[in-house]
Amino acid sequence: MRILLLEDDRETRDYLVRGLTELGHQVVAESEGKAALARTLAEAFDILVLDRMVPGLDGLTMLRLAREAGCQSPAIILSAMAGIEDRVAGLEEGADDYLIKPFAFAELAARLGALARRPPPGERGDAQTLLRVGGIEMDLVRRTVKRDGRTVDLQPREFSLLEYLLRNADRLVTRTMLLDRVWNFGFDPKTNIVETHMSRLRTKLNEGGADNIIRTIRGSGYMIVSGGQ
């Protein structure tokens with residue numbers, strides 16, 4: 001794989017570059033967030049490995065800006081910040097995994113392998129690349145969403161959230177299911193992460209007075225319904 005590594009500690013950076021290169025990967029290493037962002041937007045990478053605390057532009061901000069610019073490369077955050085709220089923040093900004101320092105190189109290699117085996121967007125277990133429910137149309141190849149012909153601009157996590165709801169149209173989707181499938185959480189972070197993103201998604205979908213197509217099932221979860229609400 002072609003990997004972008006953002007790590008400001010020289011000893012750690014050299015160690016990771018050497019280890020990943022020995023595994024057959026091509027590694028582009030940067031020590032500062034702005035430089036890493038520029039490389040990410042100008043070149044193609046299979047995976048991003050990002051230290052969180054680096055000089056200037058921090059790893060989380062760098063990833064958020066990259067996601068906003070359309071970067072879909074899987075990303076692993078490396079950080080000594082080990083609290084649940086820290087991990088939640090990392091995943092909210094667009095990370096696919098969060099590895100706490102200090103870590104074993106074998107674990108990083110295994111997590112990189114797991115991300116590499118994950119199907120790319122639009123290939124989640126079926127050949128369907130266009131989802132339509134009611135007036136919503138999602139193109140999984142172009143990564144675009146329209147409602148009644150109006151373009152809806154979504155952040156990557158909002159896109160994934162809507163995709164999962166559309167794939168399960170007219171079925172109950174629980175909060176636990178969303179945490180697992182959209183955020184890759186194997187635990188409840190005890191935050192309102194789902195509710196916050198759901199509110200933002202609804203606001204964007206309902207712009208202009210459109211009916212609320214996402215229904216809240218009190219005490220259970222959510223359902224996207226074909227006929228609105």
# chains A, B, ... in the order shown; residues from 1 in each chain; ligands from 1
call {"tool": "select_by_dssp", "arguments": {"residues": "stretch 26-217 of chain A", "states": "alpha helix (DSSP H)", "output": "VMD selection string"}}
result
chain A and resid 33 to 42 59 to 68 84 to 92 105 to 117 156 to 167 175 to 181 193 to 205
call {"tool": "closest_atom_pairs", "arguments": {"of": "stretch 56-167 of chain A", "to": "stretch 11-21 of chain A", "cutoff": "12 Å", "atoms": "only C-alpha atoms", "output": "tab-separated table"}}
result
residue	atom	partner	partner_atom	distance
A:Leu78	CA	A:Thr12	CA	11.3
A:Lys101	CA	A:Thr12	CA	10.9
A:Pro102	CA	A:Thr12	CA	10.4
A:Phe103	CA	A:Thr12	CA	11.1
A:Ala104	CA	A:Leu16	CA	10.7
A:Phe105	CA	A:Gly19	CA	7.8
A:Ala106	CA	A:Gly19	CA	9.5
A:Leu108	CA	A:Leu16	CA	9.5
A:Ala109	CA	A:Leu20	CA	7.7
A:Ala110	CA	A:Leu20	CA	11.4
A:Leu112	CA	A:Leu20	CA	10.0
A:Gly113	CA	A:Leu20	CA	11.5
call {"tool": "write_last_selection", "arguments": {"atoms": "C-alpha atoms", "output": "mmCIF file, in the first residue's frame"}}
result
data_model
loop_
_atom_site.group_PDB
_atom_site.id
_atom_site.type_symbol
_atom_site.label_atom_id
_atom_site.label_comp_id
_atom_site.auth_asym_id
_atom_site.auth_seq_id
_atom_site.Cartn_x
_atom_site.Cartn_y
_atom_site.Cartn_z
ATOM 1 C CA LEU A 78 -2.013 7.582 16.642
ATOM 2 C CA LYS A 101 0.478 5.182 22.179
ATOM 3 C CA PRO A 102 2.584 3.346 23.126
ATOM 4 C CA PHE A 103 1.580 0.551 20.764
ATOM 5 C CA ALA A 104 3.159 -2.580 19.347
ATOM 6 C CA PHE A 105 4.174 -2.347 15.706
ATOM 7 C CA ALA A 106 2.506 -5.709 15.084
ATOM 8 C CA LEU A 108 -0.461 -1.265 13.827
ATOM 9 C CA ALA A 109 0.384 -3.625 10.973
ATOM 10 C CA ALA A 110 -2.656 -5.757 11.759
ATOM 11 C CA LEU A 112 -3.576 -1.494 8.544
ATOM 12 C CA GLY A 113 -4.303 -4.914 7.071
#
call {"tool": "residues_around", "arguments": {"residues": "A:Gly134", "least_positions_apart": "5", "cutoff": "10 Å", "atoms": "only C-alpha atoms", "output": "NGL selection string"}}
result
:A and (147-148 or 166 or 169 or 213 or 224-228)
call {"tool": "closest_residue", "arguments": {"among": "A:Thr191, A:Leu50, A:Leu154, A:Met198", "to": "A:Asn212", "atoms": "only C-alpha atoms"}}
result
A:Met198
call {"tool": "closest_residue", "arguments": {"among": "A:Leu41, A:Ile217, A:Met81, A:Val194", "to": "A:Val182", "atoms": "only C-alpha atoms"}}
result
A:Val194
call {"tool": "residues_around", "arguments": {"residues": "A:Ser31", "least_positions_apart": "3", "cutoff": "10 Å", "atoms": "only C-alpha atoms", "output": "PyMOL selection string"}}
result
chain A and resi 5-10+13+34-36+50-51+54-56
